[in-house]
Every structure is written in structure tokens, then in C-alpha cells.
file my_file35.txt (compact mmCIF, C-alpha atoms)
# COMPACT_ATOMS: atom_id res chain seq x y z
CA GLU A 1 0.00 0.00 0.00
CA ALA A 2 1.32 3.42 -1.00
CA GLN A 3 1.71 5.49 2.11
CA VAL A 4 3.59 8.01 4.20
CA THR A 5 4.35 6.80 7.71
CA GLN A 6 5.40 8.78 10.75
CA ASN A 7 6.68 7.69 14.14
CA PRO A 8 5.90 8.21 16.87
CA ARG A 9 2.25 9.18 16.53
CA TYR A 10 2.14 10.72 19.99
CA LEU A 11 5.01 12.07 22.06
CA ILE A 12 5.20 13.89 25.36
CA THR A 13 8.63 15.20 26.26
CA VAL A 14 10.37 17.80 28.39
CA THR A 15 12.05 21.02 27.41
CA GLY A 16 15.54 20.54 26.04
CA LYS A 17 15.46 16.80 25.45
CA LYS A 18 16.44 16.09 21.86
CA LEU A 19 13.97 14.15 19.80
CA THR A 20 13.50 12.86 16.27
CA VAL A 21 10.27 12.26 14.42
CA THR A 22 10.72 9.86 11.54
CA CYS A 23 8.97 10.04 8.19
CA SER A 24 9.11 7.43 5.47
CA GLN A 25 7.36 7.04 2.12
CA ASN A 26 7.23 4.00 -0.16
CA MET A 27 6.17 5.76 -3.38
CA ASN A 28 9.63 6.73 -4.66
CA HIS A 29 8.67 10.38 -4.30
CA GLU A 30 11.36 13.00 -4.79
CA TYR A 31 9.70 15.80 -2.82
CA MET A 32 9.12 15.61 0.92
CA SER A 33 8.06 18.22 3.42
CA TRP A 34 7.28 18.84 7.08
CA TYR A 35 4.42 20.97 8.40
CA ARG A 36 3.10 21.95 11.75
CA GLN A 37 -0.59 22.53 12.37
CA ASP A 38 -1.76 24.87 15.09
CA PRO A 39 -5.33 25.99 15.84
CA GLY A 40 -6.27 29.09 13.89
CA LEU A 41 -3.03 29.07 11.88
CA GLY A 42 -3.61 26.28 9.40
CA LEU A 43 -0.54 24.37 8.29
CA ARG A 44 2.84 26.03 8.10
CA GLN A 45 5.77 24.56 6.24
CA ILE A 46 8.89 23.88 8.31
CA TYR A 47 11.35 22.35 5.86
CA TYR A 48 11.19 20.67 2.51
CA SER A 49 13.42 18.53 0.34
CA MET A 50 13.37 18.33 -3.43
CA ASN A 51 15.58 15.27 -3.53
CA VAL A 52 18.30 13.39 -1.67
CA GLU A 53 20.76 15.76 0.01
CA VAL A 54 18.69 18.81 -1.09
CA THR A 55 16.79 20.54 1.70
CA ASP A 56 15.56 24.07 2.27
CA LYS A 57 13.77 26.16 4.85
CA GLY A 58 10.05 26.69 4.77
CA ASP A 59 8.11 29.37 6.57
CA VAL A 60 8.89 28.38 10.18
CA PRO A 61 12.25 26.55 10.34
CA GLU A 62 13.54 27.94 13.64
CA GLY A 63 14.26 25.22 16.19
CA TYR A 64 14.12 22.37 13.68
CA LYS A 65 16.58 20.40 11.60
CA VAL A 66 16.10 17.88 8.84
CA SER A 67 18.19 15.54 6.75
CA ARG A 68 17.59 13.61 3.54
CA LYS A 69 20.20 10.89 3.22
CA GLU A 70 17.87 8.45 1.51
CA LYS A 71 15.02 9.11 -0.85
CA ARG A 72 12.41 7.41 1.28
CA ASN A 73 13.24 8.99 4.67
CA PHE A 74 12.99 12.57 5.90
CA PRO A 75 13.39 12.82 9.68
CA LEU A 76 12.55 15.95 11.64
CA ILE A 77 14.92 16.73 14.49
CA LEU A 78 14.27 18.99 17.45
CA GLU A 79 17.65 19.54 19.10
CA SER A 80 16.28 21.38 22.14
CA PRO A 81 12.48 21.32 22.14
CA SER A 82 10.58 24.16 23.79
CA PRO A 83 6.90 24.42 24.79
CA ASN A 84 6.12 26.60 21.76
CA GLN A 85 6.91 23.59 19.58
CA THR A 86 3.93 21.75 21.01
CA SER A 87 1.92 21.06 17.89
CA LEU A 88 0.59 18.52 15.42
CA TYR A 89 3.22 17.65 12.84
CA PHE A 90 2.62 16.27 9.37
CA CYS A 91 5.05 14.84 6.88
CA ALA A 92 4.07 14.88 3.21
CA SER A 93 5.52 13.74 -0.09
CA SER A 94 4.86 14.25 -3.78
CA LEU A 95 6.21 12.67 -6.92
CA SER A 96 8.57 15.29 -8.32
CA TRP A 97 9.22 19.01 -8.17
CA GLN A 98 9.66 18.93 -11.95
CA LEU A 99 6.02 18.12 -12.55
CA SER A 100 3.52 20.90 -12.86
CA SER A 101 1.51 19.57 -9.97
CA TYR A 102 2.61 19.21 -6.40
CA GLU A 103 -0.25 17.10 -5.12
CA GLN A 104 0.99 15.97 -1.75
CA TYR A 105 0.29 12.81 0.22
CA PHE A 106 0.23 13.32 3.94
CA GLY A 107 1.28 11.08 6.78
CA PRO A 108 -1.02 10.38 9.74
CA GLY A 109 0.49 13.10 11.93
CA THR A 110 2.53 13.22 15.13
CA ARG A 111 1.10 15.01 18.13
CA LEU A 112 3.97 16.46 20.15
CA THR A 113 3.66 17.97 23.61
CA VAL A 114 6.66 19.69 25.18
CA THR A 115 6.35 20.44 28.90
CA GLU B 1 5.11 37.58 2.47
CA LEU B 2 2.46 35.45 0.85
CA LYS B 3 -0.88 35.27 2.63
CA VAL B 4 -3.65 32.80 1.99
CA GLU B 5 -7.02 33.70 3.44
CA GLN B 6 -10.11 31.55 3.60
CA ASN B 7 -13.66 32.65 4.24
CA PRO B 8 -15.58 31.76 6.20
CA LEU B 9 -13.54 30.16 8.97
CA PHE B 10 -16.57 28.35 10.33
CA LEU B 11 -19.61 27.29 8.36
CA SER B 12 -22.69 25.57 9.65
CA MET B 13 -25.20 24.63 7.00
CA GLN B 14 -28.27 22.49 6.64
CA GLU B 15 -28.35 19.38 4.54
CA GLY B 16 -29.50 20.06 1.02
CA LYS B 17 -28.26 23.65 0.91
CA ASN B 18 -25.57 25.14 -1.31
CA TYR B 19 -22.63 27.18 -0.17
CA THR B 20 -19.24 28.49 -1.30
CA ILE B 21 -15.90 28.67 0.47
CA TYR B 22 -13.51 31.35 -0.74
CA CYS B 23 -9.74 31.27 -0.88
CA ASN B 24 -7.81 34.46 -1.60
CA TYR B 25 -4.04 34.62 -1.94
CA SER B 26 -1.82 37.67 -2.03
CA THR B 27 0.78 36.93 -4.70
CA THR B 28 0.64 35.37 -8.12
CA SER B 29 0.58 31.60 -8.19
CA ASP B 30 -0.71 29.38 -10.95
CA ARG B 31 -1.28 26.34 -8.80
CA LEU B 32 -3.88 25.95 -6.13
CA TYR B 33 -4.76 22.91 -4.06
CA TRP B 34 -7.75 21.93 -1.94
CA TYR B 35 -7.50 19.45 0.90
CA ARG B 36 -9.96 17.92 3.31
CA GLN B 37 -9.24 17.01 6.91
CA ASP B 38 -11.60 14.96 9.06
CA PRO B 39 -11.38 15.44 12.85
CA GLY B 40 -8.30 13.75 14.25
CA LYS B 41 -7.17 12.65 10.80
CA SER B 42 -4.64 13.57 8.20
CA LEU B 43 -5.17 15.65 5.06
CA GLU B 44 -6.63 14.22 1.89
CA SER B 45 -6.11 15.84 -1.50
CA LEU B 46 -9.34 16.93 -3.20
CA PHE B 47 -8.39 19.06 -6.17
CA VAL B 48 -5.35 20.43 -7.95
CA LEU B 49 -6.05 23.51 -10.09
CA LEU B 50 -3.24 24.32 -12.49
CA SER B 51 -4.36 27.20 -14.67
CA ASN B 52 -6.59 30.22 -14.86
CA GLY B 53 -10.18 29.24 -15.38
CA ALA B 54 -9.63 25.67 -14.22
CA VAL B 55 -12.72 23.97 -12.86
CA LYS B 56 -12.85 20.53 -11.29
CA GLN B 57 -15.77 18.63 -9.86
CA GLU B 58 -16.05 15.58 -7.68
CA GLY B 59 -19.46 14.61 -6.40
CA ARG B 60 -21.02 17.54 -4.58
CA LEU B 61 -17.83 19.59 -4.59
CA MET B 62 -16.67 21.88 -7.38
CA ALA B 63 -13.50 23.96 -7.30
CA SER B 64 -12.51 26.81 -9.59
CA LEU B 65 -9.52 29.08 -10.00
CA ASP B 66 -9.24 32.71 -11.14
CA THR B 67 -5.54 33.53 -11.13
CA LYS B 68 -6.11 37.14 -12.16
CA ALA B 69 -8.30 37.76 -9.13
CA ARG B 70 -6.10 35.45 -7.02
CA LEU B 71 -9.23 33.66 -5.95
CA SER B 72 -10.36 30.08 -5.75
CA THR B 73 -13.77 28.86 -4.72
CA LEU B 74 -14.98 25.54 -3.40
CA HIS B 75 -18.69 25.19 -4.06
CA ILE B 76 -20.79 22.70 -2.17
CA THR B 77 -24.01 21.56 -3.79
CA ALA B 78 -26.84 19.99 -1.77
CA ALA B 79 -24.71 19.39 1.28
CA VAL B 80 -24.81 16.07 3.11
CA HIS B 81 -23.55 15.22 6.60
CA ASP B 82 -20.56 13.28 5.20
CA LEU B 83 -19.11 16.55 3.92
CA SER B 84 -18.56 17.78 7.48
CA ALA B 85 -14.80 18.38 7.76
CA THR B 86 -12.20 21.13 7.63
CA TYR B 87 -11.23 22.28 4.15
CA PHE B 88 -7.89 23.88 3.37
CA CYS B 89 -6.66 25.63 0.29
CA ALA B 90 -2.94 25.95 -0.43
CA VAL B 91 -0.73 27.63 -3.01
CA ASP B 92 2.89 27.21 -3.93
CA TYR B 93 5.03 30.26 -4.39
CA LEU B 94 8.42 31.60 -5.50
CA GLN B 95 10.48 28.48 -5.75
CA PRO B 96 8.19 25.81 -7.14
CA SER B 97 8.26 23.91 -3.93
CA GLN B 98 7.28 26.10 -0.99
CA PHE B 99 3.69 25.80 0.14
CA TYR B 100 1.37 28.15 1.96
CA PHE B 101 -1.90 26.97 3.45
CA GLY B 102 -5.00 28.86 4.38
CA THR B 103 -6.27 28.72 7.95
CA GLY B 104 -9.01 26.30 7.00
CA THR B 105 -12.81 26.35 6.90
CA SER B 106 -14.55 24.13 9.42
CA LEU B 107 -17.75 22.90 7.81
CA THR B 108 -20.56 21.33 9.78
CA VAL B 109 -23.57 19.99 7.91
CA ILE B 110 -26.63 19.71 10.09
CA PRO B 111 -29.28 17.09 9.29
call {"tool": "encode", "arguments": {"input": "my_file35.txt", "output": "C-alpha cells"}}
result
Amino acid sequence: EAQVTQNPRYLITVTGKKLTVTCSQNMNHEYMSWYRQDPGLGLRQIYYSMNVEVTDKGDVPEGYKVSRKEKRNFPLILESPSPNQTSLYFCASSLSWQLSSYEQYFGPGTRLTVT
Amino acid sequence: ELKVEQNPLFLSMQEGKNYTIYCNYSTTSDRLYWYRQDPGKSLESLFVLLSNGAVKQEGRLMASLDTKARLSTLHITAAVHDLSATYFCAVDYLQPSQFYFGTGTSLTVIP
């Protein structure tokens, strides 16, 4: 089944404790992206990657890191989480940035709480 | 800074009625996307609109794009309860890979 998976789905952590949220897709998609969703703000793009070893900042990259060493994986790293990073996080992928359409497929989401 | 605004933010409508959700964006983009999100779930792609004047329809939903007015509409015809969800529009901008989403329209269809 074609899908985007994220782990963990739920995470409660404390301020300053490094964490990684994994994202994997099995569709051979070139483009992958991370978003956070907050009430009243919609989704905001954190980072995106157009292909392996190519990443760039989205609208709200502060406090986050990413890497794209393999095509299928795009982990989101919070080196020192703070309470304002409490949010619902979505990973998404689409076939290729060279196509005229960027229809994205979203993962199930990771609900992160930082205390 | 690109802004994407949706109206209304909340919409409560009776079954069988028609209504339109509006999506305005501040800077030229030729690609607009509509997504649906059910409570506690992920986002599902509904429509991709790629050019001025594009119109797409799926069931009771029809989306259109006017790039000159920087406006997209999502029209709901004869609403049914199953359409209750939050609907987001999104555009991509500048580099062909950065996305901006609207704040969403929470639709509740009342029997």
C-alpha cells in the first residue's frame, strides 16, 4: 500500500530533550516536506526537500533540523524542544518538483507535547 | 510575504443547501490545491487547479480558480452530513516547492 508513515504518533517530552520524528514514504517520491498545524493558523511549512541531500527552509524553520540521506526517509529533528513547539506535525511527499503539480500525500500526523 | 485567506472560517449549514468557500491569496501563483481534513485525521487531497479558469468537480464539490483575481472557490451543492470536515486551500510560491496553506474552513452539515 502506497503510504507516508510517521513515528511516533504521539510524544510527550520535556524542554531541552532532543527528539527525532521519523517520516518514510514507499512511493519513490522526490519531494518531501514537514508541516506543523496549530489551531487558527492552518498548516505552516517547516522544511522541505526536493531530492536526496537537497533541503531548504520553509516558513517556520527555527528550532528544527532535517536531513535527507535516503530518498524514502525525511526525519525531523528537534535539538532542544521548547513548549512553543507543542503542535501537530505532518510529513508529506509528492512525486517530483519537476512536474507541474505538487499534489501531496500526507502522513497520519505526530502530536507532540513539550512540557 | 504570501498570505492565503479563507472565508468563512466556520460554516454551519443544513443538509441540502448550497454554499461556497472562498480562498484568496496575495501573490501570483498558478497552482492551487484543496485538501480535506476529518477530525483527528490527516489531510486528503481533493483538487489540484493548475491554470486560470480551471474547474474541477467531484461529487457535490466543485472547485474553480481565477488567477487574475487570485481567488479560488470551493462550491458545495446539496450538502450532506458526510461533507462535514475542515477544508484547506494551499498555493505554492516563488520556488516551485514552498507551500502556503490557508487557515481552514470548518464545515458542519446539520441534518
call {"tool": "closest_residue", "arguments": {"input": "my_file35.txt", "among": "A:Ala2, A:Met32, A:Ile12, A:Met50", "to": "A:Ser87", "atoms": "all atoms listed in the file"}}
result
A:Ile12
call {"tool": "closest_atom_pairs", "arguments": {"input": "my_file35.txt", "of": "chain A", "to": "chain B", "cutoff": "9 Å", "atoms": "only C-alpha atoms", "output": "JSON lines"}}
result
{"residue": "A:Tyr31", "atom": "CA", "partner": "B:Ser97", "partner_atom": "CA", "distance": 8.3}
{"residue": "A:Pro39", "atom": "CA", "partner": "B:Thr103", "partner_atom": "CA", "distance": 8.4}
{"residue": "A:Gly40", "atom": "CA", "partner": "B:Thr103", "partner_atom": "CA", "distance": 6.0}
{"residue": "A:Leu41", "atom": "CA", "partner": "B:Thr103", "partner_atom": "CA", "distance": 5.1}
{"residue": "A:Gly42", "atom": "CA", "partner": "B:Thr103", "partner_atom": "CA", "distance": 3.9}
{"residue": "A:Leu43", "atom": "CA", "partner": "B:Phe101", "partner_atom": "CA", "distance": 5.7}
{"residue": "A:Arg44", "atom": "CA", "partner": "B:Tyr100", "partner_atom": "CA", "distance": 6.7}
{"residue": "A:Gln45", "atom": "CA", "partner": "B:Phe99", "partner_atom": "CA", "distance": 6.6}
{"residue": "A:Tyr47", "atom": "CA", "partner": "B:Gln98", "partner_atom": "CA", "distance": 8.8}
{"residue": "A:Tyr48", "atom": "CA", "partner": "B:Gln98", "partner_atom": "CA", "distance": 7.6}
{"residue": "A:Ser49", "atom": "CA", "partner": "B:Ser97", "partner_atom": "CA", "distance": 8.6}
{"residue": "A:Met50", "atom": "CA", "partner": "B:Ser97", "partner_atom": "CA", "distance": 7.6}
{"residue": "A:Lys57", "atom": "CA", "partner": "B:Gln98", "partner_atom": "CA", "distance": 8.7}
{"residue": "A:Gly58", "atom": "CA", "partner": "B:Gln98", "partner_atom": "CA", "distance": 6.4}
{"residue": "A:Asp59", "atom": "CA", "partner": "B:Tyr100", "partner_atom": "CA", "distance": 8.3}
{"residue": "A:Phe90", "atom": "CA", "partner": "B:Ser42", "partner_atom": "CA", "distance": 7.8}
{"residue": "A:Trp97", "atom": "CA", "partner": "B:Ser97", "partner_atom": "CA", "distance": 6.6}
{"residue": "A:Gln98", "atom": "CA", "partner": "B:Pro96", "partner_atom": "CA", "distance": 8.5}
{"residue": "A:Ser100", "atom": "CA", "partner": "B:Leu50", "partner_atom": "CA", "distance": 7.6}
{"residue": "A:Ser101", "atom": "CA", "partner": "B:Leu50", "partner_atom": "CA", "distance": 7.2}
{"residue": "A:Tyr102", "atom": "CA", "partner": "B:Ser97", "partner_atom": "CA", "distance": 7.8}
{"residue": "A:Glu103", "atom": "CA", "partner": "B:Val48", "partner_atom": "CA", "distance": 6.7}
{"residue": "A:Gln104", "atom": "CA", "partner": "B:Ser45", "partner_atom": "CA", "distance": 7.1}
{"residue": "A:Tyr105", "atom": "CA", "partner": "B:Glu44", "partner_atom": "CA", "distance": 7.3}
{"residue": "A:Phe106", "atom": "CA", "partner": "B:Leu43", "partner_atom": "CA", "distance": 6.0}
{"residue": "A:Gly107", "atom": "CA", "partner": "B:Ser42", "partner_atom": "CA", "distance": 6.6}
{"residue": "A:Pro108", "atom": "CA", "partner": "B:Ser42", "partner_atom": "CA", "distance": 5.1}
{"residue": "A:Gly109", "atom": "CA", "partner": "B:Ser42", "partner_atom": "CA", "distance": 6.4}
call {"tool": "residues_around", "arguments": {"input": "my_file35.txt", "residues": "B:Ser26", "least_positions_apart": "6", "cutoff": "8 Å", "atoms": "all atoms listed in the file", "output": "ChimeraX atom specification"}}
result
/B:2-4,70
call {"tool": "residues_around", "arguments": {"input": "my_file35.txt", "residues": "A:Thr20", "least_positions_apart": "4", "cutoff": "7 Å", "atoms": "only C-alpha atoms", "output": "JSON, numbers by chain"}}
result
{"A": [75, 76, 77, 78]}
call {"tool": "atom_distance", "arguments": {"input": "my_file35.txt", "atom1": "atom CA of B:Lys68", "atom2": "atom CA of B:Thr20"}}
result
19.1 Å
call {"tool": "closest_residue", "arguments": {"input": "my_file35.txt", "among": "A:Met27, A:Leu95, A:Leu112, A:Val21", "to": "A:Ser67", "atoms": "only C-alpha atoms"}}
result
A:Val21
call {"tool": "atom_distance", "arguments": {"input": "my_file35.txt", "atom1": "atom CA of B:Asp38", "atom2": "atom CA of A:Val4"}}
result
17.4 Å
call {"tool": "residues_around", "arguments": {"input": "my_file35.txt", "residues": "A:Asn73", "least_positions_apart": "2", "cutoff": "6 Å", "atoms": "all atoms listed in the file", "output": "count of residues only"}}
result
4
call {"tool": "atom_distance", "arguments": {"input": "my_file35.txt", "atom1": "atom CA of A:Thr110", "atom2": "atom CA of A:Asn7"}}
result
7.0 Å
call {"tool": "build_atoms", "arguments": {"input": "my_file35.txt", "residues": "stretch 27-57 of chain B", "atoms": "N, CA and C atoms", "output": "PDB file, in the coordinates of the input"}}
result
ATOM      1  N   THR B  27      -0.229  36.784  -3.657  1.00  0.00           N
ATOM      2  CA  THR B  27       0.780  36.930  -4.700  1.00  0.00           C
ATOM      3  C   THR B  27       0.565  35.880  -5.775  1.00  0.00           C
ATOM      4  N   THR B  28       0.938  36.221  -6.979  1.00  0.00           N
ATOM      5  CA  THR B  28       0.640  35.370  -8.120  1.00  0.00           C
ATOM      6  C   THR B  28       1.129  33.938  -7.927  1.00  0.00           C
ATOM      7  N   SER B  29       0.243  33.023  -8.174  1.00  0.00           N
ATOM      8  CA  SER B  29       0.580  31.600  -8.190  1.00  0.00           C
ATOM      9  C   SER B  29      -0.364  30.933  -9.166  1.00  0.00           C
ATOM     10  N   ASP B  30       0.137  30.051  -9.962  1.00  0.00           N
ATOM     11  CA  ASP B  30      -0.710  29.380 -10.950  1.00  0.00           C
ATOM     12  C   ASP B  30      -1.191  28.021 -10.501  1.00  0.00           C
ATOM     13  N   ARG B  31      -0.866  27.667  -9.269  1.00  0.00           N
ATOM     14  CA  ARG B  31      -1.280  26.340  -8.800  1.00  0.00           C
ATOM     15  C   ARG B  31      -1.967  26.474  -7.457  1.00  0.00           C
ATOM     16  N   LEU B  32      -3.129  25.896  -7.370  1.00  0.00           N
ATOM     17  CA  LEU B  32      -3.880  25.950  -6.130  1.00  0.00           C
ATOM     18  C   LEU B  32      -4.424  24.567  -5.799  1.00  0.00           C
ATOM     19  N   TYR B  33      -4.412  24.253  -4.522  1.00  0.00           N
ATOM     20  CA  TYR B  33      -4.760  22.910  -4.060  1.00  0.00           C
ATOM     21  C   TYR B  33      -5.859  23.014  -3.003  1.00  0.00           C
ATOM     22  N   TRP B  34      -6.750  22.056  -3.005  1.00  0.00           N
ATOM     23  CA  TRP B  34      -7.750  21.930  -1.940  1.00  0.00           C
ATOM     24  C   TRP B  34      -7.570  20.585  -1.258  1.00  0.00           C
ATOM     25  N   TYR B  35      -7.638  20.653   0.092  1.00  0.00           N
ATOM     26  CA  TYR B  35      -7.500  19.450   0.900  1.00  0.00           C
ATOM     27  C   TYR B  35      -8.666  19.375   1.879  1.00  0.00           C
ATOM     28  N   ARG B  36      -8.940  18.164   2.287  1.00  0.00           N
ATOM     29  CA  ARG B  36      -9.960  17.920   3.310  1.00  0.00           C
ATOM     30  C   ARG B  36      -9.300  17.244   4.498  1.00  0.00           C
ATOM     31  N   GLN B  37      -9.734  17.648   5.703  1.00  0.00           N
ATOM     32  CA  GLN B  37      -9.240  17.010   6.910  1.00  0.00           C
ATOM     33  C   GLN B  37     -10.420  16.670   7.817  1.00  0.00           C
ATOM     34  N   ASP B  38     -10.594  15.396   8.111  1.00  0.00           N
ATOM     35  CA  ASP B  38     -11.600  14.960   9.060  1.00  0.00           C
ATOM     36  C   ASP B  38     -11.020  15.091  10.468  1.00  0.00           C
ATOM     37  N   PRO B  39     -11.878  15.262  11.469  1.00  0.00           N
ATOM     38  CA  PRO B  39     -11.380  15.440  12.850  1.00  0.00           C
ATOM     39  C   PRO B  39     -10.435  14.332  13.280  1.00  0.00           C
ATOM     40  N   GLY B  40      -9.276  14.721  13.770  1.00  0.00           N
ATOM     41  CA  GLY B  40      -8.300  13.750  14.250  1.00  0.00           C
ATOM     42  C   GLY B  40      -7.580  12.972  13.164  1.00  0.00           C
ATOM     43  N   LYS B  41      -7.779  13.384  11.925  1.00  0.00           N
ATOM     44  CA  LYS B  41      -7.170  12.650  10.800  1.00  0.00           C
ATOM     45  C   LYS B  41      -6.172  13.500  10.045  1.00  0.00           C
ATOM     46  N   SER B  42      -5.588  12.875   9.040  1.00  0.00           N
ATOM     47  CA  SER B  42      -4.640  13.570   8.200  1.00  0.00           C
ATOM     48  C   SER B  42      -5.356  14.324   7.078  1.00  0.00           C
ATOM     49  N   LEU B  43      -4.599  14.895   6.174  1.00  0.00           N
ATOM     50  CA  LEU B  43      -5.170  15.650   5.060  1.00  0.00           C
ATOM     51  C   LEU B  43      -5.269  14.762   3.836  1.00  0.00           C
ATOM     52  N   GLU B  44      -6.358  14.974   3.112  1.00  0.00           N
ATOM     53  CA  GLU B  44      -6.630  14.220   1.890  1.00  0.00           C
ATOM     54  C   GLU B  44      -6.752  15.211   0.741  1.00  0.00           C
ATOM     55  N   SER B  45      -6.049  14.951  -0.343  1.00  0.00           N
ATOM     56  CA  SER B  45      -6.110  15.840  -1.500  1.00  0.00           C
ATOM     57  C   SER B  45      -7.470  15.718  -2.189  1.00  0.00           C
ATOM     58  N   LEU B  46      -8.072  16.893  -2.478  1.00  0.00           N
ATOM     59  CA  LEU B  46      -9.340  16.930  -3.200  1.00  0.00           C
ATOM     60  C   LEU B  46      -9.145  17.354  -4.654  1.00  0.00           C
ATOM     61  N   PHE B  47      -8.544  18.512  -4.839  1.00  0.00           N
ATOM     62  CA  PHE B  47      -8.390  19.060  -6.170  1.00  0.00           C
ATOM     63  C   PHE B  47      -7.012  19.719  -6.325  1.00  0.00           C
ATOM     64  N   VAL B  48      -6.528  19.667  -7.557  1.00  0.00           N
ATOM     65  CA  VAL B  48      -5.350  20.430  -7.950  1.00  0.00           C
ATOM     66  C   VAL B  48      -5.775  21.275  -9.139  1.00  0.00           C
ATOM     67  N   LEU B  49      -5.644  22.588  -9.032  1.00  0.00           N
ATOM     68  CA  LEU B  49      -6.050  23.510 -10.090  1.00  0.00           C
ATOM     69  C   LEU B  49      -4.791  24.157 -10.644  1.00  0.00           C
ATOM     70  N   LEU B  50      -4.545  23.971 -11.928  1.00  0.00           N
ATOM     71  CA  LEU B  50      -3.240  24.320 -12.490  1.00  0.00           C
ATOM     72  C   LEU B  50      -3.244  25.545 -13.393  1.00  0.00           C
ATOM     73  N   SER B  51      -4.380  26.076 -13.746  1.00  0.00           N
ATOM     74  CA  SER B  51      -4.360  27.200 -14.670  1.00  0.00           C
ATOM     75  C   SER B  51      -5.574  28.088 -14.461  1.00  0.00           C
ATOM     76  N   ASN B  52      -5.484  29.280 -14.978  1.00  0.00           N
ATOM     77  CA  ASN B  52      -6.590  30.220 -14.860  1.00  0.00           C
ATOM     78  C   ASN B  52      -7.837  29.652 -15.528  1.00  0.00           C
ATOM     79  N   GLY B  53      -8.932  29.739 -14.818  1.00  0.00           N
ATOM     80  CA  GLY B  53     -10.180  29.240 -15.380  1.00  0.00           C
ATOM     81  C   GLY B  53     -10.419  27.760 -15.132  1.00  0.00           C
ATOM     82  N   ALA B  54      -9.470  27.109 -14.467  1.00  0.00           N
ATOM     83  CA  ALA B  54      -9.630  25.670 -14.220  1.00  0.00           C
ATOM     84  C   ALA B  54     -10.828  25.419 -13.332  1.00  0.00           C
ATOM     85  N   VAL B  55     -11.569  24.383 -13.657  1.00  0.00           N
ATOM     86  CA  VAL B  55     -12.720  23.970 -12.860  1.00  0.00           C
ATOM     87  C   VAL B  55     -12.661  22.448 -12.738  1.00  0.00           C
ATOM     88  N   LYS B  56     -12.817  21.983 -11.511  1.00  0.00           N
ATOM     89  CA  LYS B  56     -12.850  20.530 -11.290  1.00  0.00           C
ATOM     90  C   LYS B  56     -14.019  20.200 -10.384  1.00  0.00           C
ATOM     91  N   GLN B  57     -14.603  19.037 -10.636  1.00  0.00           N
ATOM     92  CA  GLN B  57     -15.770  18.630  -9.860  1.00  0.00           C
ATOM     93  C   GLN B  57     -15.627  17.187  -9.432  1.00  0.00           C
TER      94      GLN B  57
END
